[in-house]
Each structure stands twice: as structure tokens, then as C-alpha cells.
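Here is upload-v3.cif, consisting of mmCIF, C-alpha atoms:
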```
data_structure
loop_
_atom_site.label_atom_id
_atom_site.label_comp_id
_atom_site.auth_asym_id
_atom_site.auth_seq_id
_atom_site.Cartn_x
_atom_site.Cartn_y
_atom_site.Cartn_z
CA ALA A 30 110.10 69.73 30.86
CA ARG A 31 112.58 71.73 32.92
CA SER A 32 109.96 72.71 35.49
CA ARG A 33 110.56 69.50 37.45
CA TYR A 34 114.01 70.82 38.39
CA LEU A 35 112.68 74.02 39.96
CA ARG A 36 112.45 74.53 43.69
CA ALA A 37 109.11 75.66 45.06
CA ASN A 38 110.55 79.12 45.80
CA ASN A 39 112.48 79.54 42.54
CA ARG A 40 112.10 82.96 41.00
CA ARG A 41 109.77 82.81 38.00
CA ILE A 42 110.59 84.55 34.72
CA ASP A 43 109.23 88.09 34.70
CA VAL A 44 107.16 89.50 31.82
CA TRP A 45 110.08 91.91 31.24
CA VAL A 46 112.03 89.03 29.66
CA ASP A 47 109.24 88.28 27.17
CA GLU A 48 108.92 91.93 26.27
CA TYR A 49 112.69 92.31 25.88
CA ILE A 50 112.88 89.32 23.53
CA ASP A 51 109.97 90.73 21.54
CA ARG A 52 111.80 94.06 21.21
CA CYS A 53 114.90 92.25 19.93
CA VAL A 54 112.85 90.30 17.38
CA VAL A 55 111.14 93.44 16.09
CA SER A 56 114.40 95.40 15.84
CA GLY A 57 116.44 92.47 14.52
CA THR A 58 119.04 92.79 17.27
CA PRO A 59 120.56 89.86 19.21
CA VAL A 60 119.15 88.83 22.56
CA THR A 61 121.90 89.41 25.12
CA ILE A 62 122.31 87.10 28.12
CA LEU A 63 124.75 87.85 30.95
CA THR A 64 126.03 85.14 33.29
CA GLN A 65 128.38 86.29 36.03
CA TRP A 66 130.75 83.50 37.08
CA CYS A 67 132.13 83.97 40.59
CA ILE A 68 135.83 83.33 41.24
CA SER A 69 136.79 82.97 44.91
CA LYS A 70 139.32 81.41 47.23
CA ASN A 71 137.32 78.22 47.74
CA LEU A 72 138.67 77.08 44.37
CA GLU A 73 141.98 76.50 46.17
CA VAL A 74 140.40 73.62 48.07
CA ARG A 75 139.10 72.15 44.83
CA CYS A 76 142.50 72.45 43.16
CA GLN A 77 144.16 70.61 46.04
CA ALA A 78 141.48 67.90 45.97
CA GLN A 79 142.07 67.45 42.22
CA GLU A 80 145.80 66.88 42.75
CA ASN A 81 146.84 70.49 42.10
CA ALA A 82 145.09 70.80 38.77
CA PHE A 83 141.63 71.93 37.71
CA VAL A 84 139.63 69.08 36.19
CA PRO A 85 136.14 69.91 34.84
CA THR A 86 133.33 68.69 37.04
CA ARG A 87 130.40 66.77 35.64
CA ARG A 88 128.23 69.84 36.19
CA GLU A 89 130.64 72.09 34.25
CA ARG A 90 130.83 69.62 31.36
CA GLN A 91 127.05 69.36 31.19
CA LEU A 92 126.67 73.13 31.24
CA PHE A 93 128.87 73.73 28.21
CA ALA A 94 128.26 70.52 26.28
CA ARG A 95 124.50 70.29 26.66
CA GLU A 96 122.58 72.88 28.66
CA MET A 97 123.82 76.15 27.16
CA PRO A 98 123.84 74.78 23.57
CA GLN A 99 120.24 73.61 24.05
CA ILE A 100 119.18 77.15 24.95
CA ALA A 101 121.17 78.58 22.03
CA ASP A 102 119.52 76.07 19.71
CA VAL A 103 116.04 77.26 20.73
CA PHE A 104 116.98 80.80 19.72
CA ALA A 105 118.55 79.62 16.45
CA LYS A 106 115.49 77.54 15.49
CA ASN A 107 113.31 80.61 15.98
CA GLY A 108 115.60 82.81 13.90
CA ILE A 109 116.72 84.94 16.86
CA ALA A 110 120.38 85.94 17.16
CA LEU A 111 121.98 85.33 20.55
CA SER A 112 124.87 87.07 22.30
CA TRP A 113 125.69 85.28 25.56
CA TRP A 114 128.38 86.71 27.83
CA ILE A 115 130.08 84.97 30.73
CA THR A 116 132.05 87.34 32.94
CA PHE A 117 134.51 86.09 35.55
CA ASN A 118 133.81 88.03 38.73
CA ARG A 119 136.30 88.18 41.59
CA THR A 120 135.00 88.57 45.12
CA VAL A 121 135.20 92.10 46.48
CA ARG A 122 136.78 90.81 49.69
CA GLU A 123 140.56 90.94 49.33
CA SER A 124 141.15 88.08 51.75
CA ARG A 125 138.88 85.80 49.71
CA ARG A 126 140.49 86.46 46.34
CA LEU A 127 142.01 83.54 44.51
CA ASP A 128 145.73 83.49 43.75
CA LEU A 129 146.16 84.95 40.25
CA ARG A 130 148.04 81.90 38.98
CA LEU A 131 145.22 79.59 40.05
CA GLU A 132 142.68 82.05 38.65
CA ARG A 133 144.34 81.91 35.23
CA GLU A 134 144.45 78.10 35.33
CA TYR A 135 140.79 77.86 36.29
CA LYS A 136 139.67 80.33 33.61
CA ALA A 137 141.75 78.46 31.02
CA MET A 138 139.89 75.26 31.91
CA ILE A 139 136.51 76.97 31.56
CA SER A 140 137.61 78.59 28.29
CA ALA A 141 138.56 75.18 26.90
CA LEU A 142 135.10 73.83 27.75
CA ALA A 143 133.50 76.84 26.05
CA GLN A 144 135.54 76.78 22.83
CA VAL A 145 132.90 75.10 20.65
CA SER A 146 130.27 77.67 21.63
CA ILE A 147 132.72 80.55 21.29
CA ALA A 148 133.62 79.35 17.80
CA ALA A 149 129.90 79.16 16.96
CA GLY A 150 129.74 82.89 17.60
CA TRP A 151 127.07 83.11 20.29
CA LEU A 152 129.24 82.89 23.42
CA ALA A 153 132.00 85.20 24.70
CA LEU A 154 134.06 85.27 27.89
CA ALA A 155 135.37 88.37 29.68
CA ASP A 156 136.83 89.49 33.01
CA TRP A 157 134.43 91.68 34.94
CA GLU A 158 137.13 93.87 36.47
CA ASP A 159 139.74 93.88 33.71
CA ASP A 160 137.49 94.07 30.65
CA VAL A 161 134.19 95.56 31.83
CA LEU A 162 134.77 97.82 34.85
CA GLN A 163 138.46 98.34 34.06
CA GLY A 164 139.14 98.43 37.78
CA LYS A 165 137.98 96.99 41.07
CA PRO A 166 134.34 97.38 42.12
CA ALA A 167 133.87 100.50 44.23
CA PRO A 168 131.26 100.93 46.97
CA ASN A 169 128.52 103.50 46.68
CA GLN A 170 129.44 105.96 49.41
CA GLU A 171 125.87 106.84 50.39
CA VAL A 172 124.99 103.17 50.91
CA LEU A 173 128.27 102.57 52.73
CA GLN A 174 127.89 105.54 55.09
CA THR A 175 124.14 105.18 55.81
CA PRO A 176 123.29 101.51 55.22
CA GLN A 177 120.19 101.74 57.41
CA THR A 178 118.66 104.04 54.77
CA TYR A 179 119.02 101.44 52.01
CA LEU A 180 119.20 98.03 53.68
CA ALA A 181 116.60 96.28 55.78
CA ALA A 182 118.06 94.88 58.98
CA GLU A 183 116.69 91.41 58.18
CA ALA A 184 118.38 91.46 54.77
CA ILE A 185 121.75 92.06 56.42
CA ASP A 186 121.02 89.40 59.05
CA ASP A 187 120.12 86.85 56.37
CA ALA A 188 123.30 87.63 54.43
CA VAL A 189 125.39 87.29 57.61
CA GLU A 190 123.86 83.90 58.40
CA ARG A 191 124.53 82.67 54.85
CA GLY A 192 128.10 83.91 55.14
CA LEU A 193 128.62 82.12 58.46
CA ARG A 194 127.28 78.87 57.02
CA LEU A 195 129.58 79.19 54.03
CA ALA A 196 132.57 79.97 56.24
CA SER A 197 131.81 76.91 58.35
CA GLU A 198 131.53 74.69 55.28
CA GLU A 199 134.91 75.98 54.11
CA GLY A 200 136.51 75.35 57.49
CA ASP A 201 136.79 79.02 58.48
CA CYS A 202 135.31 78.66 61.95
CA ALA A 203 137.08 81.80 63.16
CA GLN A 204 134.87 84.06 61.05
CA GLU A 205 133.60 86.84 63.32
CA ARG A 206 129.96 87.87 63.04
CA SER A 207 130.80 91.58 63.46
CA ASP A 208 133.53 91.41 60.82
CA LEU A 209 131.18 89.62 58.45
CA ARG A 210 128.46 92.21 59.02
CA SER A 211 130.88 95.01 58.07
CA TYR A 212 131.84 93.09 54.94
CA ILE A 213 128.18 92.54 54.00
CA VAL A 214 127.54 96.28 54.16
CA PHE A 215 130.64 96.95 52.06
CA LYS A 216 129.60 94.31 49.50
CA ALA A 217 126.06 95.68 49.39
CA ALA A 218 127.47 99.13 48.61
CA CYS A 219 129.59 97.66 45.81
CA ASP A 220 126.63 95.65 44.49
CA ALA A 221 124.49 98.79 44.51
CA ASN A 222 126.95 100.52 42.20
CA GLU A 223 127.21 97.49 39.93
CA GLY A 224 123.43 97.22 39.69
CA LYS A 225 123.22 100.89 38.77
CA PHE A 226 125.94 100.32 36.17
CA LEU A 227 124.16 97.31 34.63
CA ALA A 228 120.87 99.19 34.43
CA GLY A 229 122.42 102.36 33.08
CA PRO A 230 123.53 103.64 29.68
CA GLU A 231 127.23 102.91 30.32
CA SER A 232 126.74 99.15 30.50
CA PRO A 233 128.33 97.48 27.45
CA PHE A 234 125.62 94.81 27.57
CA GLY A 235 122.71 97.22 27.18
CA GLU A 236 119.41 95.63 28.04
CA CYS A 237 120.10 92.00 28.82
CA ILE A 238 118.75 88.89 30.48
CA LEU A 239 120.52 87.96 33.72
CA MET A 240 121.08 84.22 33.97
CA PRO A 241 122.96 83.48 37.22
CA LEU A 242 124.51 80.11 37.96
CA GLU A 243 123.65 80.62 41.62
CA PHE A 244 120.31 81.52 43.14
CA ALA A 245 118.75 84.80 42.04
CA GLU A 246 119.30 86.13 45.59
CA ARG A 247 122.85 87.04 44.54
CA TYR A 248 121.26 90.09 42.86
CA ASP A 249 119.34 91.29 45.93
CA PHE A 250 121.76 94.12 46.71
CA PHE A 251 122.09 95.04 43.02
CA THR A 252 118.56 96.42 43.24
CA ILE A 253 119.35 99.04 45.91
CA LEU A 254 119.81 101.72 43.23
CA ALA A 255 118.24 99.77 40.35
CA PRO A 256 115.00 98.39 41.81
CA ASP A 257 113.77 96.75 38.59
CA LEU A 258 116.97 94.88 37.81
CA LYS A 259 115.78 91.48 39.07
CA LYS A 260 112.95 91.56 36.54
CA ARG A 261 115.69 90.68 34.08
#
```
Could I get this file's structure written as C-alpha cells?
Amino acid sequence: ARSRYLRANNRRIDVWVDEYIDRCVVSGTPVTILTQWCISKNLEVRCQAQENAFVPTRRERQLFAREMPQIADVFAKNGIALSWWITFNRTVRESRRLDLRLEREYKAMISALAQVSIAAGWLALADWEDDVLQGKPAPNQEVLQTPQTYLAAEAIDDAVERGLRLASEEGDCAQERSDLRSYIVFKAACDANEGKFLAGPESPFGECILMPLEFAERYDFFTILAPDLKKR
């Protein structure tokens, strides 16, 4: 029934997900889902538009009141325990970070929407930097120093073009292409480390299903040092 909402180029679910769920069923352990929720400066525009307060959008209300509970219900009906994590992820670019007061207000709004699911025991919220990494994301130095070894030129170009479109939509017409390219390389180096972390033994989530709110392309650079990560 949900297939009618998919774009023609949507990423299809990999067999890894089926096998992971099977492993959880056999071992009696919960299926873990990780959703990374991006927090950036564009929320300032939203706050101003909503008369200096964060009011849940229709999409946010649907997500917590209907869509996520429907998925949780499928697991429950099949006798499979679920552990779903939402982590609030700040942008790695200092100039695009949201004011901490507004960040707290926004996260409080999302937390209020999530309270029923949190109380049900299958959903938890955490800060990516404060609770998981316990610090700011750091770039992988090898990727940062020799990006041409790890990044295809067209991948950087595509990321730059997406960044320019986003900057234009947000009214930042002064965004320089060269500055954005440097940032993309820095972000890719940070993403490479985070992908390695998620795929490695230190990740508190262990094996998990990645369920992004954005397009799956947000994980492209995560695969630099963890090539199989997008199978999740």
C-alpha cells in the first residue's frame, strides 16, 4: 500500500534488513531502528514564521501520531520487540548551527509529540553529540587531506550543487562555490568517521536499521570507510 508514495528512484530495502530482522527474531533481541533528525539554522526562519514559537507541522504530527506507531504495531503484532532511536544531529558547519535556546525549544516540541511512543517503551530520543559521540563530530584526517583518494569528483560536484540550491532557497545568495566545496570535503570527512563509528563495535546501537527522514543520499559519504552501511 505504501509503494504508491515511492519515487521511481527511491532506494529499495536491501536483503540485509530481512536477514537482520531474522537474526533478531532467532536471538530474541529487539530490532533497532535509528533515525537521525537534523537540526540546522533554517529552523530560525520557521520559528519567525510561526510567531517566535515552534508549532508542530502537519507532517510532524502525522509522523508521531500515525506513521511511526503503525510501523511499531506491525512489529508488536508479529511478536518482535522494537527499539527505535531518534537522535538530534547538529550540522557540522558552525555558521549553520541553530541558537541553543531555539534548539532546546524545538527539541522540547518534538519530545512532546513523541511522549506517547516513549511511554510505550519502543521509542527513545537522544542528542547525537552530547549523548552518543560525547563531543563534536571530527573529520577523518586521511579523507580530509587526500579527498581525491576517497571522493569521486562528480560526487563532490553534486553535493555542491545541492548546497547551492539549498542556500538559494534559504536566501543565502552570497554562498561561494569554492567555500561550499571546502565545506563539502570537510563534511564528507566527518561523515566518513561517523559511518565507521556506526558500523563498528563502539556504536551503542549495534546492528541497526537506518531510517532517514530525508533521502537516503544523506548517507552517501558515510560509506567512505563503511561501504556496506547503506544496505541498512
Written as a PDB file with C-alpha atoms, keeping the file's coordinate frame, which residues does the PyMOL selection byres ((chain A and resi 232) around 12) give for the file shown?
```pdb
ATOM      1  CA  LEU A  63     124.750  87.850  30.950  1.00  0.00           C
ATOM      2  CA  TRP A 157     134.430  91.680  34.940  1.00  0.00           C
ATOM      3  CA  ASP A 160     137.490  94.070  30.650  1.00  0.00           C
ATOM      4  CA  VAL A 161     134.190  95.560  31.830  1.00  0.00           C
ATOM      5  CA  LEU A 162     134.770  97.820  34.850  1.00  0.00           C
ATOM      6  CA  ASN A 222     126.950 100.520  42.200  1.00  0.00           C
ATOM      7  CA  GLU A 223     127.210  97.490  39.930  1.00  0.00           C
ATOM      8  CA  GLY A 224     123.430  97.220  39.690  1.00  0.00           C
ATOM      9  CA  LYS A 225     123.220 100.890  38.770  1.00  0.00           C
ATOM     10  CA  PHE A 226     125.940 100.320  36.170  1.00  0.00           C
ATOM     11  CA  LEU A 227     124.160  97.310  34.630  1.00  0.00           C
ATOM     12  CA  ALA A 228     120.870  99.190  34.430  1.00  0.00           C
ATOM     13  CA  GLY A 229     122.420 102.360  33.080  1.00  0.00           C
ATOM     14  CA  PRO A 230     123.530 103.640  29.680  1.00  0.00           C
ATOM     15  CA  GLU A 231     127.230 102.910  30.320  1.00  0.00           C
ATOM     16  CA  PRO A 233     128.330  97.480  27.450  1.00  0.00           C
ATOM     17  CA  PHE A 234     125.620  94.810  27.570  1.00  0.00           C
ATOM     18  CA  GLY A 235     122.710  97.220  27.180  1.00  0.00           C
ATOM     19  CA  GLU A 236     119.410  95.630  28.040  1.00  0.00           C
ATOM     20  CA  CYS A 237     120.100  92.000  28.820  1.00  0.00           C
TER      21      CYS A 237
END
```
Please tabulate, as a Markdown table, the residues of range 97-176 of chain A that come within 10 Å of range 73-79 of chain A, each with its closest pair of atoms and the distance in Å to one decimal, counting all atoms listed in the file and ordering rows by chain, then residue number upward.
```
| residue | atom | partner | partner_atom | distance |
| --- | --- | --- | --- | --- |
| A:Leu127 | CA | A:Glu73 | CA | 7.2 |
| A:Asp128 | CA | A:Glu73 | CA | 8.3 |
| A:Leu131 | CA | A:Glu73 | CA | 7.6 |
| A:Glu132 | CA | A:Glu73 | CA | 9.4 |
| A:Glu134 | CA | A:Cys76 | CA | 9.9 |
| A:Tyr135 | CA | A:Cys76 | CA | 8.9 |
```
Given the file shown, determine the residues that the PyMOL selection byres ((chain A and resi 214) around 10) selects; report them as number ranges by chain.
A: 168, 172-177, 180, 185, 188-189, 209-213, 215-220, 250
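Between CA of Leu72 in chain A and CA of Ile253 in chain A the separation is 29.3 Å.
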Pick from A:Phe117, A:Phe93, A:Tyr179, A:Trp45: nearest to Cys67 in chain A, with all atoms listed in the file counted?
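Once distances to Cys67 in chain A are computed over all atoms listed in the file, the minimum belongs to A:Phe117.
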Distance criterion (all atoms listed in the file): nearest to Phe83 in chain A out of A:Ala155, A:Asp187, A:Pro98, A:Lys136
A:Lys136
Ranking A:Ala221, A:Leu242, A:Leu92, A:Leu154 by minimum distance to Leu258 in chain A and counting all atoms listed in the file, which one comes first?
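Once distances to Leu258 in chain A are computed over all atoms listed in the file, the minimum belongs to A:Ala221.
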State, in Å with one decimal place, the distance from CA of Leu254 in chain A to CA of Leu239 in chain A.
16.7 Å
State, in Å with one decimal place, the distance from CA of Arg52 in chain A to CA of Val145 in chain A.
28.4 Å
What residues come out when you apply the PyMOL selection byres ((chain A and resi 48-51) around 9) to this file, written as a list in words?
Val44, Trp45, Val46, Asp47, Arg52, Cys53, Val54, Val55, Ser56, Pro59, Val60, Ile109, Glu236, Cys237, Ile238 and Arg261 of chain A
Non-local contacts of Leu111 in chain A (8 Å; all atoms listed in the file; under 5 positions in same chain excluded) as JSON, numbers by chain
{"A": [59, 60, 61, 62, 101, 104, 105, 151]}
Point (136.8, 88.6, 45.9), cut-off 10 Å, counting all atoms listed in the file, residues as a ChimeraX atom specification:
/A:67-70,118-127,165-166,216
Pick from A:Ser112, A:Pro241, A:Gly192, A:Thr86, whichever lies nearest to Ala149 in chain A using all atoms listed in the file
A:Ser112
Quick one: axis-aligned box around all listed atoms of range 148-166 of chain A, 4 Å on every side, centre and edge lengths in Å to one decimal, written as JSON.
```
{"center_x": 133.4, "center_y": 88.8, "center_z": 29.5, "size_x": 20.7, "size_y": 27.3, "size_z": 33.2}
```
Can you put N, CA and C atoms back into range 63-74 of chain A and show it as a PDB file, keeping the file's coordinate frame?
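Generated file (part17.pdb):
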```pdb
ATOM      1  N   LEU A  63     123.553  87.651  30.133  1.00  0.00           N
ATOM      2  CA  LEU A  63     124.750  87.850  30.950  1.00  0.00           C
ATOM      3  C   LEU A  63     124.754  86.852  32.099  1.00  0.00           C
ATOM      4  N   THR A  64     125.823  86.066  32.180  1.00  0.00           N
ATOM      5  CA  THR A  64     126.030  85.140  33.290  1.00  0.00           C
ATOM      6  C   THR A  64     127.319  85.549  33.997  1.00  0.00           C
ATOM      7  N   GLN A  65     127.201  85.903  35.259  1.00  0.00           N
ATOM      8  CA  GLN A  65     128.380  86.290  36.030  1.00  0.00           C
ATOM      9  C   GLN A  65     128.885  85.074  36.814  1.00  0.00           C
ATOM     10  N   TRP A  66     130.147  84.729  36.559  1.00  0.00           N
ATOM     11  CA  TRP A  66     130.750  83.500  37.080  1.00  0.00           C
ATOM     12  C   TRP A  66     131.710  83.886  38.201  1.00  0.00           C
ATOM     13  N   CYS A  67     131.367  83.527  39.424  1.00  0.00           N
ATOM     14  CA  CYS A  67     132.130  83.970  40.590  1.00  0.00           C
ATOM     15  C   CYS A  67     133.440  83.178  40.744  1.00  0.00           C
ATOM     16  N   ILE A  68     134.507  83.912  40.997  1.00  0.00           N
ATOM     17  CA  ILE A  68     135.830  83.330  41.240  1.00  0.00           C
ATOM     18  C   ILE A  68     136.230  83.693  42.669  1.00  0.00           C
ATOM     19  N   SER A  69     136.422  82.681  43.531  1.00  0.00           N
ATOM     20  CA  SER A  69     136.790  82.970  44.910  1.00  0.00           C
ATOM     21  C   SER A  69     137.795  81.949  45.435  1.00  0.00           C
ATOM     22  N   LYS A  70     138.232  82.171  46.640  1.00  0.00           N
ATOM     23  CA  LYS A  70     139.320  81.410  47.230  1.00  0.00           C
ATOM     24  C   LYS A  70     138.964  79.939  47.455  1.00  0.00           C
ATOM     25  N   ASN A  71     137.668  79.620  47.506  1.00  0.00           N
ATOM     26  CA  ASN A  71     137.320  78.220  47.740  1.00  0.00           C
ATOM     27  C   ASN A  71     137.752  77.307  46.592  1.00  0.00           C
ATOM     28  N   LEU A  72     138.137  77.897  45.461  1.00  0.00           N
ATOM     29  CA  LEU A  72     138.670  77.080  44.370  1.00  0.00           C
ATOM     30  C   LEU A  72     140.034  76.494  44.727  1.00  0.00           C
ATOM     31  N   GLU A  73     140.709  77.077  45.723  1.00  0.00           N
ATOM     32  CA  GLU A  73     141.980  76.500  46.170  1.00  0.00           C
ATOM     33  C   GLU A  73     141.774  75.103  46.726  1.00  0.00           C
ATOM     34  N   VAL A  74     140.703  74.934  47.488  1.00  0.00           N
ATOM     35  CA  VAL A  74     140.400  73.620  48.070  1.00  0.00           C
ATOM     36  C   VAL A  74     140.128  72.609  46.960  1.00  0.00           C
TER      37      VAL A  74
END
```
